[in-house]
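As provided, entry.txt (compact mmCIF, C-alpha atoms) reads as follows.
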# COMPACT_ATOMS: atom_id res chain seq x y z
CA MET Q 1 79.24 203.88 -6.53
CA LYS Q 2 82.62 204.23 -4.83
CA THR Q 3 85.38 205.46 -7.11
CA PRO Q 4 88.27 203.01 -6.72
CA TYR Q 5 91.78 204.30 -6.34
CA SER Q 6 94.98 202.36 -5.85
CA THR Q 7 96.19 202.65 -2.28
CA THR Q 8 99.22 200.40 -2.58
CA THR Q 9 102.80 201.61 -2.92
CA THR Q 10 103.51 198.79 -5.39
CA ALA Q 11 103.96 199.96 -8.98
CA ALA Q 12 100.60 200.13 -10.76
CA ARG Q 13 100.06 197.59 -13.53
CA PHE Q 14 97.62 199.71 -15.53
CA LEU Q 15 95.76 203.00 -15.60
CA LEU Q 16 91.98 202.57 -15.57
CA LEU Q 17 89.92 205.39 -17.10
CA GLY Q 18 86.24 205.12 -17.84
CA ASP Q 19 82.64 205.50 -16.83
CA SER Q 20 80.79 203.68 -14.05
CA HIS Q 21 81.38 200.35 -15.82
CA ALA Q 22 85.01 200.68 -14.72
CA GLY Q 23 83.88 200.47 -11.09
CA PRO Q 24 83.52 196.67 -10.79
CA VAL Q 25 86.94 196.19 -12.40
CA GLY Q 26 88.54 198.57 -9.93
CA ARG Q 27 86.81 196.89 -7.00
CA ALA Q 28 87.93 193.47 -8.24
CA ALA Q 29 91.52 194.69 -8.52
CA GLU Q 30 91.40 196.17 -5.04
CA ALA Q 31 89.99 192.93 -3.60
CA ALA Q 32 92.69 190.88 -5.35
CA ARG Q 33 95.42 193.34 -4.32
CA VAL Q 34 96.33 193.96 -7.93
CA PRO Q 35 98.01 197.38 -8.03
CA PHE Q 36 96.46 199.85 -10.45
CA GLN Q 37 95.62 203.52 -10.69
CA GLY Q 38 92.40 205.17 -11.82
CA GLY Q 39 88.68 204.55 -11.77
CA PRO Q 40 85.43 206.02 -13.09
CA LEU Q 41 85.62 209.61 -14.31
CA GLY Q 42 81.94 210.20 -15.00
CA ALA Q 43 78.83 208.86 -16.73
CA GLY Q 44 79.16 206.89 -19.96
CA ARG Q 45 77.27 209.41 -22.07
CA GLU Q 46 79.94 212.01 -21.20
CA PHE Q 47 82.64 210.10 -23.09
CA HIS Q 48 81.19 209.84 -26.56
CA ALA Q 49 81.58 213.29 -28.09
CA ASP Q 50 83.10 216.67 -27.26
CA PHE Q 51 84.74 215.60 -24.01
CA PHE Q 52 88.46 216.26 -24.48
CA ASP Q 53 91.07 218.26 -26.40
CA VAL Q 54 94.50 217.14 -27.53
CA ARG Q 55 97.43 219.02 -26.00
CA GLY Q 56 100.62 217.73 -27.58
CA THR Q 57 101.09 214.18 -26.30
CA ASP Q 58 98.46 214.65 -23.61
CA VAL Q 59 94.71 215.25 -23.43
CA VAL Q 60 92.70 217.80 -21.47
CA PHE Q 61 89.22 216.81 -20.39
CA ARG Q 62 86.68 219.58 -20.86
CA LYS Q 63 84.71 218.81 -17.69
CA GLU Q 64 86.49 220.27 -14.67
CA GLU Q 65 85.87 217.33 -12.30
CA THR Q 66 86.97 214.79 -14.90
CA GLU Q 67 90.17 216.73 -15.53
CA ARG Q 68 90.83 216.98 -11.80
CA LEU Q 69 90.50 213.21 -11.34
CA TYR Q 70 92.65 212.50 -14.39
CA ARG Q 71 95.44 214.78 -13.18
CA GLY Q 72 95.29 213.14 -9.77
CA PHE Q 73 95.72 209.69 -11.31
CA LEU Q 74 98.68 210.88 -13.37
CA ALA Q 75 100.28 212.50 -10.32
CA GLU Q 76 100.07 209.23 -8.42
CA LEU Q 77 101.85 207.56 -11.32
CA GLY Q 78 104.47 210.29 -11.59
CA ALA Q 79 103.45 210.94 -15.20
CA GLU Q 80 103.14 214.44 -16.64
CA GLY Q 81 100.65 213.39 -19.29
CA LEU Q 82 99.14 210.56 -21.29
CA GLY Q 83 102.19 210.24 -23.51
CA ALA Q 84 104.43 209.76 -20.47
CA LEU Q 85 102.64 206.59 -19.33
CA ASP Q 86 104.81 203.49 -19.15
CA ILE Q 87 101.93 201.13 -18.27
CA PRO Q 88 98.90 200.02 -20.31
CA LEU Q 89 95.77 202.15 -20.52
CA VAL Q 90 92.50 200.32 -19.80
CA THR Q 91 89.29 202.18 -20.61
CA THR Q 92 85.55 201.85 -21.20
CA PHE Q 93 85.20 205.01 -23.32
CA GLY Q 94 82.76 204.64 -26.22
CA PHE Q 95 81.12 201.47 -24.94
CA SER Q 96 78.11 203.06 -23.24
CA ALA Q 97 76.02 201.19 -25.80
CA HIS Q 98 72.77 201.60 -23.89
CA THR Q 99 73.11 205.37 -24.32
CA VAL Q 100 73.73 205.06 -28.05
CA ALA Q 101 70.70 202.75 -28.21
CA THR Q 102 68.26 205.15 -26.55
CA SER Q 103 65.04 204.28 -28.37
CA GLU Q 104 63.96 207.85 -29.06
CA ASN Q 105 67.17 208.48 -31.03
CA TRP Q 106 66.21 205.78 -33.54
CA ARG Q 107 62.51 206.46 -33.97
CA ILE Q 108 63.05 208.30 -37.27
CA TYR Q 109 64.70 205.23 -38.79
CA ARG Q 110 61.81 202.87 -38.08
CA VAL Q 111 59.47 201.81 -40.84
CA ARG Q 112 55.77 201.00 -40.78
CA GLY Q 113 55.09 198.40 -38.11
CA GLY Q 114 57.70 199.83 -35.72
CA GLY Q 115 60.72 197.81 -36.77
CA PHE Q 116 63.78 198.62 -38.83
CA ALA Q 117 64.10 197.96 -42.54
CA PRO Q 118 65.82 194.64 -43.31
CA GLY Q 119 69.58 195.09 -43.18
CA PHE Q 120 69.50 198.52 -41.56
CA LEU Q 121 71.37 197.51 -38.41
CA GLY Q 122 74.18 196.09 -40.51
CA SER Q 123 74.24 198.91 -43.03
CA GLY Q 124 76.82 201.57 -43.73
CA LEU Q 125 74.30 204.19 -42.72
CA PHE Q 126 73.87 202.64 -39.28
CA ALA Q 127 77.63 202.38 -38.82
CA ASP Q 128 78.06 206.03 -39.88
CA ILE Q 129 75.48 207.13 -37.31
CA VAL Q 130 77.12 205.18 -34.50
CA ARG Q 131 80.57 206.46 -35.44
CA ALA Q 132 79.25 210.01 -35.37
CA MET Q 133 77.71 209.47 -31.94
CA VAL Q 134 80.96 208.17 -30.41
CA ARG Q 135 83.33 210.21 -32.56
CA ASP Q 136 85.47 211.65 -29.78
CA ALA Q 137 85.78 208.31 -28.03
CA LEU Q 138 87.23 206.93 -31.27
CA ALA Q 139 89.51 209.97 -31.53
CA PHE Q 140 90.71 209.42 -27.95
CA TYR Q 141 91.66 205.82 -28.70
CA GLU Q 142 93.38 206.83 -31.93
CA HIS Q 143 95.40 209.47 -30.10
CA ALA Q 144 96.42 207.08 -27.31
CA VAL Q 145 97.45 204.33 -29.73
CA GLY Q 146 99.32 206.90 -31.80
CA LEU Q 147 101.39 207.76 -28.71
CA GLY Q 148 102.60 204.16 -28.63
CA LEU Q 149 100.51 203.16 -25.62
CA ARG Q 150 99.10 199.70 -25.18
CA VAL Q 151 95.37 200.39 -25.04
CA VAL Q 152 92.76 197.91 -23.86
CA SER Q 153 89.03 198.58 -24.07
CA LEU Q 154 86.35 196.82 -22.04
CA MET Q 155 83.07 195.79 -23.63
CA PRO Q 156 80.05 196.69 -21.48
CA PRO Q 157 77.73 194.49 -19.45
CA GLN Q 158 75.10 192.99 -21.71
CA ARG Q 159 72.25 194.81 -20.00
CA VAL Q 160 69.70 196.99 -21.79
CA PRO Q 161 67.50 199.32 -19.73
CA GLY Q 162 63.92 200.06 -20.71
CA MET Q 163 64.83 203.34 -22.37
CA SER Q 164 67.03 201.57 -24.90
CA ASP Q 165 66.46 199.34 -27.92
CA PRO Q 166 68.13 195.91 -27.53
CA GLN Q 167 68.64 195.45 -31.29
CA VAL Q 168 70.42 198.76 -31.55
CA PHE Q 169 72.44 198.03 -28.40
CA PHE Q 170 73.84 194.79 -29.77
CA ALA Q 171 74.50 196.21 -33.24
CA ALA Q 172 76.05 199.44 -31.95
CA GLN Q 173 78.55 197.71 -29.69
CA GLU Q 174 79.69 195.58 -32.63
CA THR Q 175 80.25 198.72 -34.66
CA VAL Q 176 82.31 200.28 -31.88
CA ARG Q 177 84.23 197.05 -31.38
CA ALA Q 178 85.17 196.90 -35.06
CA GLU Q 179 86.24 200.55 -35.08
CA LEU Q 180 88.49 200.07 -32.07
CA ALA Q 181 90.04 196.88 -33.41
CA ALA Q 182 90.84 198.70 -36.65
CA ARG Q 183 92.70 201.31 -34.58
CA GLY Q 184 94.90 198.74 -32.85
CA VAL Q 185 92.99 198.61 -29.57
CA GLU Q 186 92.75 195.32 -27.67
CA ILE Q 187 89.22 194.34 -26.70
CA VAL Q 188 88.20 192.49 -23.55
CA ASP Q 189 85.06 190.54 -24.41
CA VAL Q 190 83.66 188.19 -21.77
CA ARG Q 191 80.20 187.86 -23.32
CA ALA Q 192 80.50 184.11 -23.89
CA ARG Q 193 81.01 183.64 -20.15
CA VAL Q 194 78.34 185.95 -18.76
CA THR Q 195 75.33 185.78 -21.11
CA ASP Q 196 72.47 183.33 -21.57
CA GLY Q 197 70.92 182.09 -24.81
CA THR Q 198 69.22 185.43 -25.39
CA GLY Q 199 72.50 187.34 -25.36
CA PHE Q 200 71.65 189.18 -22.15
CA GLN Q 201 73.73 189.13 -19.00
CA ARG Q 202 72.93 186.38 -16.50
CA PRO Q 203 71.78 187.55 -13.04
CA ALA Q 204 74.91 186.12 -11.42
CA PHE Q 205 76.93 188.87 -13.13
CA CYS Q 206 74.45 191.75 -12.70
CA GLU Q 207 74.45 194.47 -10.07
CA ALA Q 208 71.26 193.72 -8.17
CA ASP Q 209 70.03 197.26 -7.61
CA ASP Q 210 70.04 198.65 -11.15
CA THR Q 211 69.44 197.75 -14.79
CA ILE Q 212 72.78 198.69 -16.33
CA HIS Q 213 75.86 197.62 -14.40
CA GLY Q 214 77.79 194.43 -13.87
CA ASN Q 215 78.70 193.28 -10.37
CA LEU Q 216 81.91 192.28 -8.63
CA ALA Q 217 81.81 188.81 -10.21
CA PHE Q 218 81.69 190.49 -13.61
CA GLY Q 219 84.62 192.70 -12.65
CA ARG Q 220 86.62 189.67 -11.57
CA LEU Q 221 86.18 188.04 -14.98
CA ILE Q 222 87.40 191.17 -16.71
CA LEU Q 223 90.33 191.48 -14.32
CA ALA Q 224 91.26 187.85 -14.97
CA ASP Q 225 91.27 188.58 -18.71
CA LEU Q 226 93.52 191.58 -18.17
CA LEU Q 227 95.94 189.56 -16.08
CA ALA Q 228 95.97 186.78 -18.68
CA ARG Q 229 97.09 189.42 -21.20
CA GLY Q 230 100.06 190.21 -19.01
CA LEU Q 231 98.80 193.44 -17.50

Could you spell out this file's structure in structure tokens?
Amino acid sequence: MKTPYSTTTTAARFLLLGDSHAGPVGRAAEAARVPFQGGPLGAGREFHADFFDVRGTDVVFRKEETERLYRGFLAELGAEGLGALDIPLVTTFGFSAHTVATSENWRIYRVRGGGFAPGFLGSGLFADIVRAMVRDALAFYEHAVGLGLRVVSLMPPQRVPGMSDPQVFFAAQETVRAELAARGVEIVDVRARVTDGTGFQRPAFCEADDTIHGNLAFGRLILADLLARGL
């Protein structure tokens, strides 16, 4: 997937940092000539735990390529670090729900018959497990909000690959959503516009060649939401 970068000299309206789910948003912005900076930095599973360190008002990504891309984005914006941003931060960190929902991770919590005990997916235990799995994503958001940035997070496409449990996927993303909202993060949620009666993403908003990503039409809906928020 092509990593989108802003090529316009017009002042960027937001910095986009995330996993591959950020790609359709970047492509939609490029197509609409909406100036922005940023793009995907890596795979979703890389932005859940142990992926960055705080350095004053900035962050340092532990993976060399991620850090290189991040520094390049900041240089284009003329910003020395995260705390120097004067535009909103838009990110997908923590919302790789299909990774959290990998079926094998949850096998130990299943009861006889293969399902989960009644109430498990809404329990404090479940929420604690999800929070632990995405702990550094939550810490990243908390740090960014604490710097006074306007932070907007993008909920993922409602697509669940075969390796993942749909029940866990839907419950986990609600846990992450609640945690981010409690930290003062704005949430872009276009589920009502892209899903069918089952809660899964309609084909019109799915990338045709895989089982995870949204397509350009999906990116356009998210971009429209961002613009409606004044970004």

Shortest interatomic distance to Q:Gln167 - which of Q:Ala101, Q:Leu125, Q:Ala139, Q:Leu180, counting all atoms listed in the file: Q:Ala101

Polymer residues at most 12 Å from Q:Cys206, all atoms listed in the file, same-chain spacing of 4 or more positions, as a list in words: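 Skipping anything fewer than 4 positions along the chain leaves His21, Pro24, Pro156, Pro157, Gln158, Arg159, Val160, Val194, Thr195, Phe200, Gln201, Arg202, Asp210, Thr211, Ile212, His213, Gly214, Asn215, Leu216, Ala217, Phe218 and Gly219 of chain Q.
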
Exercise: Q:Thr10 partners within 12 Å, all atoms listed in the file, chain neighbours under 3 positions left out, as number ranges by chain: Q: 6-7, 13-14, 33-37, 76-77

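Interatomic distance, atom CA of Q:Ala31 to atom CA of Q:Leu223: 10.8 Å.
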
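For the pair atom CA of Q:Leu17 and atom CA of Q:Ala127, the interatomic distance is 25.1 Å.
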
Which residue of Q:Leu138, Q:Val130, Q:Leu231, Q:Val100 approaches Q:Ala11 most closely, using only C-alpha atoms: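 Nearest to Q:Ala11: Q:Leu231.
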
Two-atom distance - atom CA of Q:Arg135, atom CA of Q:Glu46 (Å):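 Atom-to-atom, atom CA of Q:Arg135 and atom CA of Q:Glu46 are spaced 12.0 Å apart.
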
Spatial neighbours of stretch 64-72 of chain Q, max dist 10 Å, only C-alpha atoms, sep filter under 6 positions, as a ChimeraX atom specification: /Q:17,37-42,46,51-52,78-82

Sphere at (95.7, 201.3, -28.4), radius 9 Å, counting only C-alpha atoms: residues as a ChimeraX atom specification: /Q:88-89,141-153,180-181,183-186

Name the residues in contact with stretch 92-94 of chain Q at a cut-off of 6 Å, using all atoms listed in the file, excluding same-chain residues fewer than 3 positions from it; report them as a PDB file with C-alpha atoms, keeping the file's coordinate frame.
ATOM      1  CA  GLY Q  18      86.240 205.120 -17.840  1.00  0.00           C
ATOM      2  CA  PHE Q  47      82.640 210.100 -23.090  1.00  0.00           C
ATOM      3  CA  HIS Q  48      81.190 209.840 -26.560  1.00  0.00           C
ATOM      4  CA  VAL Q 134      80.960 208.170 -30.410  1.00  0.00           C
ATOM      5  CA  ALA Q 137      85.780 208.310 -28.030  1.00  0.00           C
ATOM      6  CA  SER Q 153      89.030 198.580 -24.070  1.00  0.00           C
ATOM      7  CA  LEU Q 154      86.350 196.820 -22.040  1.00  0.00           C
TER       8      LEU Q 154
END

Nearest-residue call for Q:Ser20, choices Q:Phe61, Q:Arg110, Q:Glu207, Q:Ile87, using only C-alpha atoms: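 Checking each candidate against Q:Ser20, we get Q:Glu207 as the closest.
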